[in-house]
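Here is the structure we will look at, set down as structure tokens.
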Amino acid sequence: MITKPTLNIHKKKADLYKTAADIFVEKAQAAIKKKEKFTVCLSGGKTPQPLYQLLATPEYSDQINWKKCHVFFGDERCVPDTHDDSNYGMIYDTLLKKVNIPKSQVYKMDGSKTPRQAAQAYTQVFQVFFGATKPFFDLAYLGMGTDGHIASMFPGTDAIRMVRKRVREVKMGKGKPWRLTLTSSMFNRSKAVVLLVAGKKKADVLKEVLEGEYNPEVLPAQVLRNAKGEVTWLLDEGAASSL
């Protein structure tokens, strides 16, 4: 069953991030209570950084049993962890090194391998962790670019169409690093997906993603119309200004 997305519009960006952090706590506590573990997929980029900083504060981190959390990543550039463009590096510095989560429960994408090998290795991570069960996250965070991309599913890339593949390598152009991305199937099977979108420059594309003709080859974020779990768009007034 496909559910309708929820739109949550905030006057202040600080309230947007507070709502996102509240959702993290709520989903983590519920999953741990039910099955003794919580699986979450985190997003890179600038937009979610304030969320991770907030989760690292005692107000939020003390509400979470980090020893029962398992952290995955939605996409990554094929660069070293110490590189400024590393999603893992950013998330580690802003959140993971500040909370009591076992290193063995942080499943980073390995940018030191070739792109194909790295995609295969991360697929194996899911196979080991989930076993015969179809992999899903209790919660996945995503951002959206001004071209409508999510994770590293950019317009025209085949990760948009993949149903059986879980991880795909992506080449964006000459001089740009290879990327790894989870495919649409991973997000559409998640129990809950939260998208953080801020800024007026994303307003028109957001309107097309939510209300336009279905064409995910052009607007990849539209794949979430097929999501089986909850989909929540957390927006500031700028991003929501065309709705």
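Each chain in the structure tokens gets a letter, A, B, ..., in the order shown, and its residues are numbered from 1; ligands are numbered from 1 in order too.
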
Write out as a PyMOL selection string all residues of range 117-202 of chain A that backbone DSSP assigns to alpha helix (DSSP H). chain A and resi 117-130+184-188

Taking C-alpha atoms for each residue, export the selection above as a PDB file, in the first residue's frame.
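Final output, selection-v5.pdb:
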```
ATOM      1  CA  GLN A 117      33.955  -3.041  -5.967  1.00  0.00           C
ATOM      2  CA  ALA A 118      32.670  -0.516  -3.426  1.00  0.00           C
ATOM      3  CA  ALA A 119      29.081  -0.934  -4.649  1.00  0.00           C
ATOM      4  CA  GLN A 120      29.402  -4.710  -4.446  1.00  0.00           C
ATOM      5  CA  ALA A 121      30.956  -4.497  -0.978  1.00  0.00           C
ATOM      6  CA  TYR A 122      28.103  -2.340   0.345  1.00  0.00           C
ATOM      7  CA  THR A 123      25.578  -4.720  -1.174  1.00  0.00           C
ATOM      8  CA  GLN A 124      27.302  -7.466   0.793  1.00  0.00           C
ATOM      9  CA  VAL A 125      26.947  -5.373   3.960  1.00  0.00           C
ATOM     10  CA  PHE A 126      23.175  -5.478   3.506  1.00  0.00           C
ATOM     11  CA  GLN A 127      23.205  -9.196   2.764  1.00  0.00           C
ATOM     12  CA  VAL A 128      25.135  -9.928   5.957  1.00  0.00           C
ATOM     13  CA  PHE A 129      23.099  -7.580   8.137  1.00  0.00           C
ATOM     14  CA  PHE A 130      19.603  -8.421   6.902  1.00  0.00           C
ATOM     15  CA  SER A 184      15.210   3.801  -5.236  1.00  0.00           C
ATOM     16  CA  SER A 185      14.158   0.361  -3.973  1.00  0.00           C
ATOM     17  CA  MET A 186      16.015   0.859  -0.696  1.00  0.00           C
ATOM     18  CA  PHE A 187      14.182   4.068   0.119  1.00  0.00           C
ATOM     19  CA  ASN A 188      10.804   2.859  -1.084  1.00  0.00           C
TER      20      ASN A 188
END
```

If you count only C-alpha atoms, which residues fall within 7 Å of range 218-225 of chain A, apart from same-chain ones fewer than 4 positions away, as a list in words?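 In the requested format, the answer is Asp147, Gly148, His149, Ile150, Met153, Phe154, Pro155, Gly156, Ile160, Ser184, Asn188, Val209 and Tyr214 of chain A.
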
Can you list every residue of range 134-195 of chain A that has an atom at most 8 Å from range 75-82 of chain A, with its nearest atom pair and the distance in Å to one decimal, using only C-alpha atoms, ordered by chain then number, as CSV?
```
residue,atom,partner,partner_atom,distance
A:Ala151,CA,A:Asp75,CA,5.4
A:Ser152,CA,A:Asp75,CA,5.9
A:Pro177,CA,A:Cys78,CA,6.1
A:Trp178,CA,A:Cys78,CA,5.4
A:Arg179,CA,A:Arg77,CA,4.3
A:Leu180,CA,A:Glu76,CA,5.2
A:Thr181,CA,A:Asp75,CA,4.2
A:Leu182,CA,A:Asp75,CA,6.2
```

So which residues touch Asn87 in chain A within 7 Å, counting only C-alpha atoms, skipping near sequence neighbours fewer than 4 positions away, as a ChimeraX atom specification? /A:44-45,76,91

Of the candidates A:Lys13, A:Lys134, A:His70, A:Arg168, which shows the shortest atom-to-atom distance to Ala239 in chain A, using only C-alpha atoms? A:Lys13

By how many Å are CA of Val167 in chain A and CA of Lys68 in chain A apart?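 Answer for the CA of Val167 in chain A to CA of Lys68 in chain A separation: 24.2 Å.
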
Polymer residues at most 8 Å from Ala203 in chain A, only C-alpha atoms, same-chain spacing of 4 or more positions, as an NGL selection string: :A and (199 or 207 or 238-243)
